[in-house]
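Okay, query.tsv is below, TSV, C-alpha atoms and all ligand atoms:
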chain	number	residue	atom	x	y	z
A	8	MET	CA	-25.61	44.41	-7.95
A	9	ARG	CA	-29.16	45.61	-7.19
A	10	GLU	CA	-29.86	46.29	-10.88
A	11	GLN	CA	-28.44	42.89	-11.85
A	12	LEU	CA	-30.60	41.20	-9.24
A	13	LEU	CA	-33.73	42.98	-10.41
A	14	ALA	CA	-32.99	42.03	-14.03
A	15	ALA	CA	-32.61	38.38	-12.98
A	16	GLU	CA	-36.01	38.33	-11.23
A	17	LYS	CA	-38.09	36.02	-13.44
A	18	VAL	CA	-40.28	33.75	-11.35
A	19	LYS	CA	-43.01	34.91	-9.01
A	20	ALA	CA	-45.49	32.97	-6.96
A	21	ILE	CA	-47.90	35.63	-5.65
A	22	GLU	CA	-49.81	38.30	-7.52
A	23	TRP	CA	-52.44	40.77	-6.34
A	24	ARG	CA	-54.46	41.93	-9.34
A	25	ASP	CA	-57.84	43.67	-9.63
A	26	GLY	CA	-58.74	42.86	-6.04
A	27	ARG	CA	-57.96	39.16	-6.33
A	28	LEU	CA	-55.09	37.03	-5.07
A	29	TYR	CA	-53.39	34.79	-7.63
A	30	LEU	CA	-51.07	31.98	-6.49
A	31	LEU	CA	-48.84	29.80	-8.63
A	32	ASP	CA	-49.80	26.26	-7.60
A	33	GLN	CA	-46.55	24.83	-6.19
A	34	ARG	CA	-48.06	21.34	-5.86
A	35	VAL	CA	-47.92	20.79	-9.62
A	36	LEU	CA	-44.58	22.44	-10.45
A	37	PRO	CA	-42.30	21.86	-12.31
A	38	PHE	CA	-44.49	20.13	-14.88
A	39	GLU	CA	-47.41	22.54	-14.89
A	40	GLU	CA	-47.54	26.31	-14.33
A	41	LEU	CA	-51.04	26.73	-12.99
A	42	TRP	CA	-52.28	30.01	-11.45
A	43	LEU	CA	-55.24	29.80	-9.08
A	44	ALA	CA	-57.44	32.75	-8.06
A	45	TYR	CA	-58.62	33.42	-4.48
A	46	GLU	CA	-61.46	35.57	-3.20
A	47	SER	CA	-61.86	34.72	0.48
A	48	ALA	CA	-59.76	34.25	3.61
A	49	ALA	CA	-60.96	30.64	4.00
A	50	GLU	CA	-59.76	29.83	0.48
A	51	VAL	CA	-56.38	31.44	1.18
A	52	ALA	CA	-56.03	29.51	4.45
A	53	SER	CA	-56.75	26.28	2.62
A	54	ALA	CA	-54.15	27.18	-0.06
A	55	ILE	CA	-51.56	27.68	2.68
A	56	LYS	CA	-52.48	24.43	4.43
A	57	SER	CA	-52.39	22.38	1.23
A	58	MET	CA	-49.08	23.95	0.07
A	59	VAL	CA	-50.37	25.73	-3.05
A	60	VAL	CA	-48.22	28.47	-1.53
A	61	ARG	CA	-45.40	27.66	0.90
A	62	GLY	CA	-42.22	29.14	2.29
A	63	ALA	CA	-42.30	31.35	5.38
A	64	PRO	CA	-42.39	34.84	3.81
A	65	ALA	CA	-44.76	33.74	1.03
A	66	ILE	CA	-47.36	32.40	3.45
A	67	GLY	CA	-47.18	35.62	5.49
A	68	ILE	CA	-47.74	37.75	2.38
A	69	SER	CA	-50.61	35.53	1.20
A	70	ALA	CA	-52.27	35.73	4.62
A	71	ALA	CA	-52.05	39.54	4.53
A	72	TYR	CA	-53.92	39.54	1.21
A	73	GLY	CA	-56.33	37.04	2.79
A	74	VAL	CA	-57.22	39.70	5.36
A	75	VAL	CA	-58.04	42.17	2.57
A	76	LEU	CA	-60.30	39.60	0.91
A	77	SER	CA	-61.95	38.89	4.24
A	78	ALA	CA	-62.59	42.57	4.97
A	79	ARG	CA	-64.22	43.05	1.57
A	80	GLN	CA	-66.46	40.02	2.00
A	81	ARG	CA	-67.43	40.82	5.60
A	82	ILE	CA	-68.20	44.49	4.88
A	83	GLN	CA	-70.35	43.46	1.89
A	84	GLU	CA	-72.26	41.02	4.12
A	85	GLY	CA	-73.07	43.88	6.54
A	86	GLY	CA	-73.61	43.40	10.28
A	87	ASP	CA	-70.70	43.21	12.71
A	88	TRP	CA	-67.96	42.94	10.07
A	89	ARG	CA	-65.15	43.44	12.60
A	90	ALA	CA	-66.20	40.33	14.57
A	91	ALA	CA	-66.47	38.29	11.37
A	92	LEU	CA	-63.07	39.58	10.26
A	93	GLU	CA	-61.57	38.52	13.58
A	94	SER	CA	-62.82	34.96	13.04
A	95	ASP	CA	-61.12	34.99	9.59
A	96	PHE	CA	-57.87	36.12	11.24
A	97	GLN	CA	-58.13	32.94	13.30
A	98	VAL	CA	-58.82	30.75	10.25
A	99	LEU	CA	-55.70	32.16	8.59
A	100	ALA	CA	-53.60	31.79	11.76
A	101	ASP	CA	-54.62	28.14	12.07
A	102	SER	CA	-53.37	27.26	8.57
A	103	ARG	CA	-49.77	26.35	9.54
A	104	PRO	CA	-48.02	26.57	12.92
A	105	THR	CA	-44.24	26.90	12.51
A	106	ALA	CA	-43.38	29.85	10.26
A	107	VAL	CA	-43.74	32.98	12.38
A	108	ASN	CA	-43.98	35.20	9.29
A	109	LEU	CA	-47.63	34.13	9.09
A	110	PHE	CA	-48.41	35.53	12.56
A	111	TRP	CA	-46.15	38.55	12.01
A	112	ALA	CA	-48.09	39.50	8.86
A	113	LEU	CA	-51.47	38.94	10.54
A	114	ASN	CA	-50.38	41.08	13.51
A	115	ARG	CA	-49.33	43.86	11.15
A	116	MET	CA	-52.73	43.75	9.46
A	117	ARG	CA	-54.49	43.71	12.84
A	118	ASP	CA	-52.42	46.67	14.11
A	119	ARG	CA	-53.25	48.65	10.97
A	120	LEU	CA	-56.92	47.92	11.48
A	121	ALA	CA	-56.67	49.14	15.07
A	122	ARG	CA	-55.23	52.49	13.86
A	123	LEU	CA	-58.05	53.19	11.35
A	124	LYS	CA	-59.62	56.63	11.56
A	125	PRO	CA	-63.39	57.09	11.04
A	126	GLN	CA	-62.85	58.80	7.66
A	127	ASP	CA	-60.55	56.03	6.33
A	128	ASP	CA	-61.47	53.76	3.44
A	129	VAL	CA	-61.00	50.43	5.24
A	130	LEU	CA	-60.35	48.34	2.14
A	131	ALA	CA	-57.91	50.82	0.60
A	132	VAL	CA	-55.94	51.04	3.86
A	133	LEU	CA	-55.72	47.25	4.28
A	134	GLU	CA	-54.80	46.74	0.63
A	135	THR	CA	-51.97	49.28	0.95
A	136	GLU	CA	-50.71	47.52	4.07
A	137	ALA	CA	-50.69	44.09	2.36
A	138	LEU	CA	-48.94	45.51	-0.71
A	139	GLY	CA	-46.41	47.13	1.65
A	140	ILE	CA	-45.71	43.78	3.36
A	141	HIS	CA	-45.19	42.20	-0.06
A	142	GLU	CA	-42.90	44.96	-1.35
A	143	SER	CA	-40.83	45.20	1.81
A	144	ASP	CA	-40.13	41.45	1.68
A	145	ARG	CA	-38.90	41.88	-1.89
A	146	GLU	CA	-36.63	44.72	-0.79
A	147	ALA	CA	-35.34	42.66	2.15
A	148	ASN	CA	-34.38	39.88	-0.27
A	149	LEU	CA	-32.24	42.30	-2.27
A	150	THR	CA	-30.45	43.61	0.82
A	151	MET	CA	-29.82	40.10	2.18
A	152	ALA	CA	-28.50	38.89	-1.19
A	153	GLN	CA	-25.87	41.62	-1.14
A	154	LEU	CA	-24.90	40.97	2.49
A	155	GLY	CA	-24.65	37.21	1.88
A	156	VAL	CA	-22.43	37.66	-1.18
A	157	ASP	CA	-20.17	40.02	0.79
A	158	LEU	CA	-19.72	37.25	3.39
A	159	ILE	CA	-18.87	34.62	0.79
A	160	ARG	CA	-16.40	36.94	-0.91
A	161	LYS	CA	-14.79	37.87	2.39
A	162	HIS	CA	-14.33	34.29	3.58
A	163	GLN	CA	-13.50	32.57	0.26
A	164	GLY	CA	-13.09	34.75	-2.79
A	165	ASN	CA	-12.85	32.09	-5.50
A	166	LEU	CA	-15.38	29.69	-7.06
A	167	GLN	CA	-17.59	27.97	-4.51
A	168	ASN	CA	-19.61	24.78	-4.29
A	169	LEU	CA	-22.72	25.58	-2.27
A	170	LEU	CA	-25.30	23.27	-0.74
A	171	THR	CA	-28.88	24.28	-0.01
A	172	HIS	CA	-31.99	22.65	1.42
A	173	CYS	CA	-35.71	23.02	0.69
A	174	ASN	CA	-36.82	25.96	-1.47
A	175	THR	CA	-36.02	29.49	-0.40
A	176	GLY	CA	-36.30	31.22	-3.76
A	177	ALA	CA	-38.77	33.43	-5.56
A	178	LEU	CA	-41.42	30.77	-4.95
A	179	ALA	CA	-41.00	31.01	-1.17
A	180	THR	CA	-40.87	34.80	-0.82
A	181	GLY	CA	-42.18	38.09	-2.13
A	182	GLY	CA	-39.26	38.47	-4.52
A	183	PHE	CA	-35.93	36.99	-5.25
A	184	GLY	CA	-35.42	34.58	-2.37
A	185	THR	CA	-33.58	34.41	0.94
A	186	ALA	CA	-30.90	31.67	0.85
A	187	LEU	CA	-31.54	31.17	-2.86
A	188	GLY	CA	-31.34	34.96	-3.29
A	189	VAL	CA	-27.79	34.89	-1.87
A	190	ILE	CA	-26.96	31.93	-4.13
A	191	ARG	CA	-28.35	33.72	-7.20
A	192	ALA	CA	-26.43	36.88	-6.36
A	193	ALA	CA	-23.22	34.87	-5.75
A	194	TYR	CA	-23.66	33.30	-9.18
A	195	LEU	CA	-24.14	36.72	-10.81
A	196	ASP	CA	-20.96	37.79	-9.03
A	197	GLY	CA	-19.02	34.89	-10.56
A	198	LEU	CA	-18.56	33.09	-7.25
A	199	VAL	CA	-20.43	29.83	-7.90
A	200	GLU	CA	-19.10	26.68	-9.47
A	201	ARG	CA	-22.05	24.42	-8.60
A	202	VAL	CA	-25.09	24.38	-6.35
A	203	TYR	CA	-26.04	21.10	-4.71
A	204	ALA	CA	-29.77	21.03	-3.99
A	205	ASP	CA	-31.04	18.54	-1.40
A	206	GLU	CA	-34.16	16.91	-2.80
A	207	THR	CA	-35.89	17.65	0.57
A	208	ARG	CA	-37.96	14.62	1.46
A	209	PRO	CA	-40.79	14.10	1.76
A	210	TRP	CA	-42.44	16.99	-0.07
A	211	LEU	CA	-39.52	17.41	-2.50
A	212	GLN	CA	-39.24	21.21	-2.43
A	213	GLY	CA	-35.62	20.78	-3.60
A	214	SER	CA	-36.39	18.58	-6.62
A	215	ARG	CA	-39.61	20.23	-7.65
A	216	LEU	CA	-38.88	23.88	-6.93
A	217	THR	CA	-35.23	24.76	-6.20
A	218	ALA	CA	-33.79	22.72	-9.07
A	219	TRP	CA	-36.43	24.24	-11.37
A	220	GLU	CA	-35.71	27.83	-10.29
A	221	LEU	CA	-31.93	27.45	-10.66
A	222	ALA	CA	-32.00	25.45	-13.91
A	223	ASN	CA	-34.36	28.05	-15.44
A	224	GLU	CA	-31.67	30.66	-14.90
A	225	GLY	CA	-28.80	28.51	-16.15
A	226	ILE	CA	-27.20	28.25	-12.70
A	227	PRO	CA	-25.26	24.95	-12.50
A	228	VAL	CA	-27.24	22.75	-10.13
A	229	SER	CA	-27.14	19.08	-9.19
A	230	LEU	CA	-29.88	17.42	-7.25
A	231	ASN	CA	-28.89	15.04	-4.47
A	232	ALA	CA	-30.63	12.77	-1.98
A	233	ASP	CA	-30.79	14.42	1.46
A	234	SER	CA	-28.79	11.52	2.84
A	235	ALA	CA	-25.91	12.28	0.41
A	236	ALA	CA	-25.16	15.66	2.00
A	237	ALA	CA	-22.40	14.54	4.42
A	238	HIS	CA	-20.72	12.53	1.69
A	239	LEU	CA	-20.84	15.53	-0.66
A	240	MET	CA	-19.34	17.78	2.01
A	241	LYS	CA	-16.48	15.30	2.33
A	242	THR	CA	-15.89	14.70	-1.37
A	243	ARG	CA	-17.09	17.69	-3.42
A	244	GLY	CA	-15.35	20.65	-1.87
A	245	ILE	CA	-18.51	22.24	-0.51
A	246	THR	CA	-17.60	25.45	1.32
A	247	TRP	CA	-20.99	26.79	2.42
A	248	VAL	CA	-24.37	25.41	3.42
A	249	ILE	CA	-26.90	28.20	2.86
A	250	VAL	CA	-30.48	27.78	4.11
A	251	GLY	CA	-33.55	29.82	5.01
A	252	ALA	CA	-35.60	29.80	8.21
A	253	ASP	CA	-39.19	29.55	9.38
A	254	ARG	CA	-38.64	30.91	12.87
A	255	ILE	CA	-35.56	32.19	14.69
A	256	THR	CA	-35.82	32.53	18.46
A	257	ALA	CA	-34.25	35.15	20.76
A	258	ASN	CA	-31.15	33.01	21.43
A	259	GLY	CA	-30.51	32.44	17.70
A	260	ASP	CA	-31.91	28.90	17.38
A	261	VAL	CA	-33.36	28.31	13.90
A	262	ALA	CA	-36.39	26.27	12.86
A	263	ASN	CA	-36.25	25.31	9.21
A	264	LYS	CA	-37.24	22.44	6.93
A	265	ILE	CA	-36.67	18.97	8.39
A	266	GLY	CA	-33.11	17.90	7.64
A	267	THR	CA	-31.53	21.31	8.29
A	268	TYR	CA	-30.30	20.30	11.75
A	269	GLN	CA	-28.39	17.30	10.44
A	270	LEU	CA	-26.85	19.51	7.75
A	271	ALA	CA	-25.57	21.89	10.44
A	272	VAL	CA	-24.07	19.04	12.46
A	273	ASN	CA	-22.39	17.69	9.34
A	274	ALA	CA	-21.20	21.14	8.26
A	275	MET	CA	-19.49	21.68	11.61
A	276	HIS	CA	-17.82	18.25	11.38
A	277	HIS	CA	-16.47	19.01	7.90
A	278	GLY	CA	-15.47	22.64	8.52
A	279	VAL	CA	-18.14	23.89	6.08
A	280	ARG	CA	-19.59	27.33	6.89
A	281	PHE	CA	-23.30	27.45	7.76
A	282	MET	CA	-25.32	30.54	6.75
A	283	VAL	CA	-29.00	31.17	7.55
A	284	VAL	CA	-30.72	33.87	5.48
A	285	ALA	CA	-34.08	35.24	6.67
A	286	PRO	CA	-35.87	38.59	6.93
A	287	SER	CA	-36.44	40.02	10.42
A	288	SER	CA	-40.13	39.02	10.05
A	289	THR	CA	-38.85	35.45	10.70
A	290	ILE	CA	-37.36	36.42	14.08
A	291	ASP	CA	-39.53	35.73	17.11
A	292	MET	CA	-38.04	37.51	20.12
A	293	ASP	CA	-41.00	36.36	22.23
A	294	LEU	CA	-39.65	32.82	22.26
A	295	GLU	CA	-36.56	32.19	24.36
A	296	SER	CA	-35.24	29.16	22.48
A	297	GLY	CA	-36.02	26.67	19.75
A	298	GLU	CA	-37.58	24.34	22.31
A	299	ASP	CA	-40.60	26.65	22.37
A	300	ILE	CA	-41.24	26.50	18.60
A	301	PRO	CA	-44.33	24.51	17.55
A	302	ILE	CA	-43.17	21.94	15.00
A	303	GLU	CA	-45.71	21.07	12.34
A	304	GLU	CA	-46.39	17.37	11.79
A	305	ARG	CA	-48.01	16.58	8.46
A	306	ASP	CA	-49.91	13.55	7.31
A	307	GLY	CA	-47.96	10.28	7.21
A	308	SER	CA	-49.15	9.72	3.65
A	309	GLU	CA	-46.42	12.18	2.54
A	310	LEU	CA	-43.96	9.42	3.53
A	311	LEU	CA	-46.02	6.31	3.00
A	312	GLU	CA	-46.80	7.18	-0.61
A	313	VAL	CA	-44.77	8.41	-3.55
A	314	ALA	CA	-46.77	10.14	-6.30
A	315	GLY	CA	-49.95	8.59	-4.90
A	316	LYS	CA	-48.52	5.06	-4.86
A	317	ARG	CA	-48.07	3.26	-1.52
A	318	VAL	CA	-44.40	2.41	-0.82
A	319	ALA	CA	-44.58	1.08	2.76
A	320	ALA	CA	-46.81	-1.63	4.17
A	321	GLY	CA	-48.26	-2.12	7.64
A	322	VAL	CA	-46.58	0.83	9.40
A	323	ASP	CA	-47.39	4.27	10.70
A	324	ALA	CA	-45.18	7.19	9.73
A	325	VAL	CA	-43.95	10.07	11.83
A	326	ASN	CA	-43.67	13.21	9.73
A	327	PRO	CA	-42.32	16.31	11.54
A	328	VAL	CA	-41.68	18.78	8.70
A	329	PHE	CA	-39.36	21.20	10.53
A	330	ASP	CA	-36.47	20.83	12.95
A	331	VAL	CA	-34.46	23.20	15.13
A	332	THR	CA	-30.79	23.92	14.57
A	333	PRO	CA	-29.16	25.15	17.79
A	334	ALA	CA	-27.51	28.57	17.59
A	335	ASP	CA	-24.07	27.19	18.36
A	336	LEU	CA	-23.99	25.33	15.03
A	337	ILE	CA	-24.67	28.52	13.05
A	338	ASP	CA	-21.90	30.73	11.67
A	339	PHE	CA	-24.04	33.59	10.30
A	340	ILE	CA	-27.63	34.78	10.33
A	341	VAL	CA	-28.18	37.25	7.48
A	342	THR	CA	-31.17	39.61	7.69
A	343	GLU	CA	-32.10	42.90	6.03
A	344	LYS	CA	-31.04	44.63	9.26
A	345	GLY	CA	-27.53	43.21	9.09
A	346	VAL	CA	-25.51	40.08	9.79
A	347	VAL	CA	-25.13	38.27	13.11
A	348	GLU	CA	-22.05	36.09	13.49
A	349	ARG	CA	-22.28	33.14	15.96
A	350	PRO	CA	-25.74	34.20	17.20
A	351	ASP	CA	-26.73	34.52	20.86
A	352	LEU	CA	-29.30	36.45	22.86
A	353	ALA	CA	-27.26	39.65	23.16
A	354	LYS	CA	-26.48	39.79	19.43
A	355	MET	CA	-30.06	38.98	18.39
A	356	THR	CA	-31.39	41.68	20.74
A	357	GLN	CA	-28.97	44.22	19.31
A	358	LEU	CA	-29.92	43.25	15.74
A	359	MET	CA	-33.63	43.69	16.37
A	360	CYS	CA	-33.04	47.23	17.70
A	361	ARG	CA	-31.49	48.23	14.37
A	362	LYS	CA	-33.34	49.77	11.44
A	363	ARG	CA	-33.49	48.03	8.05
A	364	LEU	CA	-30.38	48.68	6.00
A	365	HIS	CA	-32.23	49.88	2.89
B	401	LIG	O1	-42.93	23.44	4.26
B	401	LIG	P1	-42.42	24.62	3.49
B	401	LIG	O2	-42.11	24.31	2.07
B	401	LIG	O3	-43.28	25.84	3.67
B	401	LIG	O4	-41.03	24.94	4.20
B	401	LIG	C1	-40.25	26.01	3.72
B	401	LIG	C2	-38.93	26.11	4.38
B	401	LIG	O5	-38.63	25.40	5.32
B	401	LIG	C3	-38.02	27.21	3.94
B	401	LIG	O6	-36.68	26.85	4.08
B	401	LIG	C4	-38.28	28.47	4.78
B	401	LIG	O7	-39.64	28.76	4.79
B	401	LIG	C5	-37.55	29.63	4.28
B	401	LIG	S1	-38.26	30.21	2.77
B	401	LIG	C6	-37.58	31.66	2.33
How does the structure come out when it is put into structure tokens?
Ligand code: MRU
Amino acid sequence: MREQLLAAEKVKAIEWRDGRLYLLDQRVLPFEELWLAYESAAEVASAIKSMVVRGAPAIGISAAYGVVLSARQRIQEGGDWRAALESDFQVLADSRPTAVNLFWALNRMRDRLARLKPQDDVLAVLETEALGIHESDREANLTMAQLGVDLIRKHQGNLQNLLTHCNTGALATGGFGTALGVIRAAYLDGLVERVYADETRPWLQGSRLTAWELANEGIPVSLNADSAAAHLMKTRGITWVIVGADRITANGDVANKIGTYQLAVNAMHHGVRFMVVAPSSTIDMDLESGEDIPIEERDGSELLEVAGKRVAAGVDAVNPVFDVTPADLIDFIVTEKGVVERPDLAKMTQLMCRKRLH
């Protein structure tokens, strides 16, 4: 399976080349494949904020490279480069609030910096750390894909109709994808009849990105309005909802793209299994429950306008872009450390004590 998965890896969103960060601009997909180059932490932070790069693991990886760019710039400028670097850490941390992978990656870079020895080449050490974060996310995707497929096979061995939300594929990660990685692997294993992709209002990650990734690989996919999901569960024989996560708290609550919570409620009502796929870098054991997760609110224009054209008059819009699915609506959390069934504090604690499976 691993070899098959690697052979199917076609799209990527992040590249580190010759000391520069290149990001595939996700704002203009699927109609344009535009790569943008970045040379400073402030530029990377602005790319994260404006959604050039998005998806929890992908923003963590980009921020790690942002730290390398910052270190190079600050050392070249001379003076107290460590203080200047620390202010760039803050600029990167302020880019988006919900996905904990961002803070996890920055903490890893900060820890590595703290362990530098006097003889170390600072830039080489930081670059190796960022590349390591990127590569280990890719590896985690492969492990999770296998674990997710094993679950699908175990619970329903024949052809499945799957429903997913947002974009959790190669564009959102360092490799193959989390939820979309499981879906890809299930397709390669002959388990998928059709994937239903929620369009994911208002930013349209489903229409613009997920449908594009799946269609590119010839995986049968139909796009649906978010509000069609319950109807599809009732009428189209959907057996699994498979989604990613931006932050999972110690009790197993899951923050993910707005609309995930209502999918979980509907899945429970219709007897559809609900799987969350996320690397352990998405798990925040410092937060007790989902109530503590900061939920990003984006500009109302994302709702008030469609393709730059105003579609609502004389109103304000409220635009929370994530919601929290309570642990008791979740059947499985799949990570690279293993699978948690019906998550709770004890099971999450046990999971986090384990080593990675690969
Ligand atoms: O606002 P976005 O596009 O960054 O939100 C992304 C999601 O909610 C994804 O489902 C999540 O990050 C998991 S990506 C592997």
Query raised in the report: Using all atoms listed in the file, which of A:Glu40, A:Glu10, A:Glu224, A:Glu309 sits nearest Arg208 of chain A?
Result: A:Glu309
**Report entry** Sphere at (-58.1, 40.4, -6.6), radius 9 Å, counting all atoms listed in the file: residues as a PyMOL selection string
**Finding:** chain A and resi 22-29+44-46+72+76
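Between atom CA of Arg305 of chain A and atom CA of Asp323 of chain A the interatomic distance comes to 12.5 Å.
Using only C-alpha atoms, the protein and nucleic acid residues lying no more than 8 Å from Phe329 of chain A, apart from those fewer than 5 places from it along its own chain, are Thr105, Ala262, Asn263, Lys264, Ile265, Gly266, Ile302 and Glu303 of chain A.
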Keeping C-alpha atoms, export the residues of the selection given above as a CSV table (one decimal), in the frame of the given file.
chain,number,residue,atom,x,y,z
A,105,THR,CA,-44.2,26.9,12.5
A,262,ALA,CA,-36.4,26.3,12.9
A,263,ASN,CA,-36.2,25.3,9.2
A,264,LYS,CA,-37.2,22.4,6.9
A,265,ILE,CA,-36.7,19.0,8.4
A,266,GLY,CA,-33.1,17.9,7.6
A,302,ILE,CA,-43.2,21.9,15.0
A,303,GLU,CA,-45.7,21.1,12.3
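Proximity to Glu142 of chain A was assessed for A:Leu187, A:Val35, A:Ala90, A:Ala65 counting all atoms listed in the file; the smallest distance is recorded for A:Ala65.
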